[in-house]
Amino acid sequence: MRRRGVTVLLGALLTALLSVGVLSVPLPYVVLGPGPTVNTLGSEDGKEVIQVTGRSTSTSAGQLRLTTVGVQPTVRLRSALAGWFSSDEAVVPRELVYPPGQSQEEVEKRNTEDFQNSQTSAETAALRELGYPIKVLVKAVTAGGPSADVLRPDDVLTSVDGVPVTSAAKLTELIRSKPAGTALRIGYTRGDTPGTATVTSQEQDGRPRIGVEIDQQQPHPFTLKIDLGDIGGPSAGLMFSLGIIDKLEPADLTGGKIIAGTGTIDDEGRVGPIGGIAQKLVGAKEAGANAFLVPADNCAEAVRNPQPGLPMLKVATLDEALKALEALRTGGQPTRC
């Protein structure tokens, strides 16, 4: 009996030690959960999130809240099990957030850069909506290239084959839409005089190009600054654009409601998909949101992860987002996911 008792005791002790070891070993997963939400019309750390100098701004009775995802980078068995059984969290392979060969610091640096780029695109899209067009200027012409002796520095490029050039990205898109060797009709303005030039694109680095270095400008008589730290990634673009428009327009876009949302945005005002929509919906619900703006490409996933009492509005462009907010203010029927 004594020998059997010692065996049982040793077995129990070994099992306990193995359990402790398993519980303490980091797993190749991360846990995603609801992150903080921020009112783009308000202040953080005593500073306005969107700062305007040189022009009066309006105030809003409601809020426009960007949403985020919290990432738990080091996951052990206990927290993984908790995440798997949680309705608010998701356990995903670590490489989806931290690609192989990239350190956590490198990923966070890239997210910071994406966040800064999203601010720039948000300002560009909002200012276009407010009537400040983009000018795409020729900064330099490549010697011996397709545009040599045809285009000049400071020319403002206005169209390609009759299609308006509304941004630097649009110019690139139009040139690349046709194979290298295509004769393109380039509309431009030189000084105050409009003109048209024929430029035959050439292949360079595997893509058609016209041999110019360009600069994008968007003159406006005031300055804009977005001041928000400790957030990364590009998914706040839509809510920043809406916040800028709300501050610079007399109308209150919110109608006194708390509107949350997410989505990337480009210079053309197109809203792109993001990750972590389920966790962002939870964060919006916890922040008291009355509606949530969902990128069109995220609608299917959002419908699978609804939050009771939180309408999900489908948007593919900044203009659609503005129309959705107008419908909420006036009792209309915005398009839902």
# chains A, B, ... in the order shown; residues from 1 in each chain; ligands from 1
>>> residues_around(residues="Ala183 in chain A", least_positions_apart="2", cutoff="12 Å", atoms="only C-alpha atoms", output="list in words")
Pro146, Ser147, Val160, Asp161, Ile175, Lys178, Pro179, Ala180, Gly181, Arg185, Ile186, Ala197, Thr198, Val199, Thr200, Ser201, Gln202, Pro208, Arg209 and Ile210 of chain A
>>> write_last_selection(atoms="N, CA and C atoms", output="mmCIF file, in the first residue's frame")
data_model
loop_
_atom_site.group_PDB
_atom_site.id
_atom_site.type_symbol
_atom_site.label_atom_id
_atom_site.label_comp_id
_atom_site.auth_asym_id
_atom_site.auth_seq_id
_atom_site.Cartn_x
_atom_site.Cartn_y
_atom_site.Cartn_z
ATOM 1 N N PRO A 146 9.612 59.287 -72.474
ATOM 2 C CA PRO A 146 8.450 59.505 -73.351
ATOM 3 C C PRO A 146 7.928 60.935 -73.357
ATOM 4 N N SER A 147 8.078 61.656 -72.239
ATOM 5 C CA SER A 147 7.523 63.016 -72.149
ATOM 6 C C SER A 147 8.541 64.113 -72.437
ATOM 7 N N VAL A 160 -6.199 62.010 -68.903
ATOM 8 C CA VAL A 160 -5.558 60.989 -69.728
ATOM 9 C C VAL A 160 -6.644 60.375 -70.601
ATOM 10 N N ASP A 161 -6.518 60.555 -71.914
ATOM 11 C CA ASP A 161 -7.535 60.079 -72.864
ATOM 12 C C ASP A 161 -8.928 60.553 -72.475
ATOM 13 N N ILE A 175 -2.629 55.507 -66.469
ATOM 14 C CA ILE A 175 -1.492 55.130 -67.317
ATOM 15 C C ILE A 175 -1.326 53.615 -67.335
ATOM 16 N N LYS A 178 -3.545 50.727 -69.518
ATOM 17 C CA LYS A 178 -3.287 50.343 -70.910
ATOM 18 C C LYS A 178 -1.842 49.879 -71.036
ATOM 19 N N PRO A 179 -1.578 48.948 -71.930
ATOM 20 C CA PRO A 179 -0.231 48.361 -72.006
ATOM 21 C C PRO A 179 0.820 49.373 -72.440
ATOM 22 N N ALA A 180 2.048 49.092 -72.047
ATOM 23 C CA ALA A 180 3.168 49.926 -72.488
ATOM 24 C C ALA A 180 3.210 49.962 -74.003
ATOM 25 N N GLY A 181 3.538 51.146 -74.551
ATOM 26 C CA GLY A 181 3.531 51.326 -75.998
ATOM 27 C C GLY A 181 2.269 51.973 -76.510
ATOM 28 N N ARG A 185 -3.302 60.425 -74.784
ATOM 29 C CA ARG A 185 -3.561 61.862 -74.913
ATOM 30 C C ARG A 185 -3.555 62.459 -73.508
ATOM 31 N N ILE A 186 -2.530 63.243 -73.225
ATOM 32 C CA ILE A 186 -2.362 63.832 -71.893
ATOM 33 C C ILE A 186 -2.836 65.281 -71.922
ATOM 34 N N ALA A 197 -1.109 66.790 -75.189
ATOM 35 C CA ALA A 197 0.103 66.207 -75.762
ATOM 36 C C ALA A 197 -0.103 64.709 -75.928
ATOM 37 N N THR A 198 0.511 64.132 -76.950
ATOM 38 C CA THR A 198 0.481 62.687 -77.137
ATOM 39 C C THR A 198 1.789 62.101 -76.621
ATOM 40 N N VAL A 199 1.666 61.201 -75.651
ATOM 41 C CA VAL A 199 2.835 60.581 -75.018
ATOM 42 C C VAL A 199 2.666 59.073 -75.112
ATOM 43 N N THR A 200 3.651 58.414 -75.676
ATOM 44 C CA THR A 200 3.605 56.956 -75.782
ATOM 45 C C THR A 200 4.315 56.343 -74.583
ATOM 46 N N SER A 201 3.580 55.590 -73.801
ATOM 47 C CA SER A 201 4.149 55.023 -72.574
ATOM 48 C C SER A 201 5.222 53.995 -72.890
ATOM 49 N N GLN A 202 6.147 53.826 -71.961
ATOM 50 C CA GLN A 202 7.209 52.830 -72.080
ATOM 51 C C GLN A 202 7.227 51.966 -70.832
ATOM 52 N N PRO A 208 3.927 50.221 -67.306
ATOM 53 C CA PRO A 208 3.959 51.363 -68.225
ATOM 54 C C PRO A 208 4.160 52.677 -67.488
ATOM 55 N N ARG A 209 4.997 53.531 -68.029
ATOM 56 C CA ARG A 209 5.276 54.839 -67.432
ATOM 57 C C ARG A 209 5.405 55.878 -68.545
ATOM 58 N N ILE A 210 5.254 57.170 -68.154
ATOM 59 C CA ILE A 210 5.383 58.225 -69.164
ATOM 60 C C ILE A 210 6.599 59.112 -68.915
#
>>> select_by_dssp(residues="range 165-271 of chain A", states="alpha helix (DSSP H)", output="PyMOL selection string")
chain A and resi 168-176+237-248
>>> write_last_selection(atoms="N, CA and C atoms", output="short mmCIF file (atom, residue, chain, number, x, y, z; two decimals), in the first residue's frame")
data_model
loop_
_atom_site.label_atom_id
_atom_site.label_comp_id
_atom_site.auth_asym_id
_atom_site.auth_seq_id
_atom_site.Cartn_x
_atom_site.Cartn_y
_atom_site.Cartn_z
N ALA A 168 -2.85 61.97 -57.81
CA ALA A 168 -1.65 61.30 -58.33
C ALA A 168 -1.92 59.81 -58.53
N ALA A 169 -2.66 59.23 -57.60
CA ALA A 169 -2.99 57.80 -57.72
C ALA A 169 -3.85 57.54 -58.95
N LYS A 170 -4.75 58.47 -59.25
CA LYS A 170 -5.62 58.31 -60.42
C LYS A 170 -4.80 58.39 -61.70
N LEU A 171 -3.82 59.29 -61.76
CA LEU A 171 -2.95 59.39 -62.93
C LEU A 171 -2.23 58.06 -63.16
N THR A 172 -1.66 57.51 -62.11
CA THR A 172 -0.96 56.22 -62.23
C THR A 172 -1.91 55.13 -62.70
N GLU A 173 -3.11 55.12 -62.13
CA GLU A 173 -4.11 54.12 -62.51
C GLU A 173 -4.46 54.21 -63.99
N LEU A 174 -4.64 55.43 -64.50
CA LEU A 174 -5.00 55.62 -65.91
C LEU A 174 -3.87 55.20 -66.84
N ILE A 175 -2.63 55.51 -66.47
CA ILE A 175 -1.49 55.13 -67.32
C ILE A 175 -1.33 53.62 -67.33
N ARG A 176 -1.50 52.98 -66.19
CA ARG A 176 -1.30 51.53 -66.09
C ARG A 176 -2.48 50.73 -66.61
N GLY A 237 -9.04 55.93 -41.28
CA GLY A 237 -9.14 56.93 -42.34
C GLY A 237 -10.53 57.50 -42.54
N LEU A 238 -11.53 56.64 -42.63
CA LEU A 238 -12.90 57.11 -42.87
C LEU A 238 -13.37 58.04 -41.76
N MET A 239 -13.17 57.65 -40.50
CA MET A 239 -13.67 58.45 -39.40
C MET A 239 -12.92 59.77 -39.27
N PHE A 240 -11.64 59.80 -39.65
CA PHE A 240 -10.92 61.07 -39.67
C PHE A 240 -11.51 61.99 -40.74
N SER A 241 -11.79 61.46 -41.92
CA SER A 241 -12.37 62.28 -42.99
C SER A 241 -13.69 62.90 -42.56
N LEU A 242 -14.54 62.07 -41.96
CA LEU A 242 -15.83 62.57 -41.50
C LEU A 242 -15.65 63.62 -40.40
N GLY A 243 -14.67 63.40 -39.51
CA GLY A 243 -14.43 64.37 -38.46
C GLY A 243 -13.97 65.71 -39.01
N ILE A 244 -13.10 65.69 -40.03
CA ILE A 244 -12.63 66.93 -40.64
C ILE A 244 -13.80 67.69 -41.27
N ILE A 245 -14.64 66.98 -42.02
CA ILE A 245 -15.78 67.62 -42.67
C ILE A 245 -16.73 68.20 -41.64
N ASP A 246 -17.00 67.45 -40.56
CA ASP A 246 -17.91 67.94 -39.53
C ASP A 246 -17.38 69.21 -38.88
N LYS A 247 -16.06 69.27 -38.67
CA LYS A 247 -15.48 70.46 -38.03
C LYS A 247 -15.50 71.68 -38.94
N LEU A 248 -15.35 71.46 -40.25
CA LEU A 248 -15.24 72.59 -41.18
C LEU A 248 -16.58 73.00 -41.78
#
>>> residues_around(residues="range 126-143 of chain A", least_positions_apart="2", cutoff="9 Å", atoms="only C-alpha atoms", output="PyMOL selection string")
chain A and resi 121-124+145-149+151-158+165-168+171+210-220+240-245+248-249+267-269+318-319
>>> residues_around(residues="Arg270 in chain A", least_positions_apart="6", cutoff="10 Å", atoms="only C-alpha atoms", output="number ranges by chain")
A: 125, 238, 263-264, 295, 315-320
>>> select_by_dssp(residues="range 63-304 of chain A", states="strand (DSSP E)", output="PyMOL selection string")
chain A and resi 63-66+69-72+90-93+135-141+156-160+163-164+183-190+193-200+202-204+207-209+212-217+223-226+258-261+264-265+271-272+291-295
>>> closest_residue(among="A:Gly255, A:Gly54, A:Gly261, A:Gly195", to="Ala327 in chain A", atoms="only C-alpha atoms")
A:Gly255
>>> closest_atom_pairs(of="range 136-235 of chain A", to="range 34-52 of chain A", cutoff="8 Å", atoms="only C-alpha atoms", output="CSV")
residue,atom,partner,partner_atom,distance
A:Phe222,CA,A:Val52,CA,7.1
A:Thr223,CA,A:Val52,CA,5.8
A:Leu224,CA,A:Val52,CA,4.9
A:Lys225,CA,A:Gln51,CA,5.1
A:Ile226,CA,A:Ile50,CA,4.7
A:Asp227,CA,A:Val49,CA,5.0
A:Leu228,CA,A:Val49,CA,5.9
>>> write_last_selection(atoms="C-alpha atoms", output="tab-separated table (two decimals), in the first residue's frame")
chain	number	residue	atom	x	y	z
A	222	PHE	CA	-5.91	76.94	-43.45
A	223	THR	CA	-3.89	74.18	-41.83
A	224	LEU	CA	-5.03	70.78	-40.61
A	225	LYS	CA	-3.36	68.49	-38.09
A	226	ILE	CA	-4.44	65.18	-36.62
A	227	ASP	CA	-2.89	64.59	-33.20
A	228	LEU	CA	-3.46	61.12	-31.83
>>> closest_residue(among="A:Asn290, A:Ser86, A:Thr262, A:Ser177", to="Ile274 in chain A", atoms="only C-alpha atoms")
A:Thr262
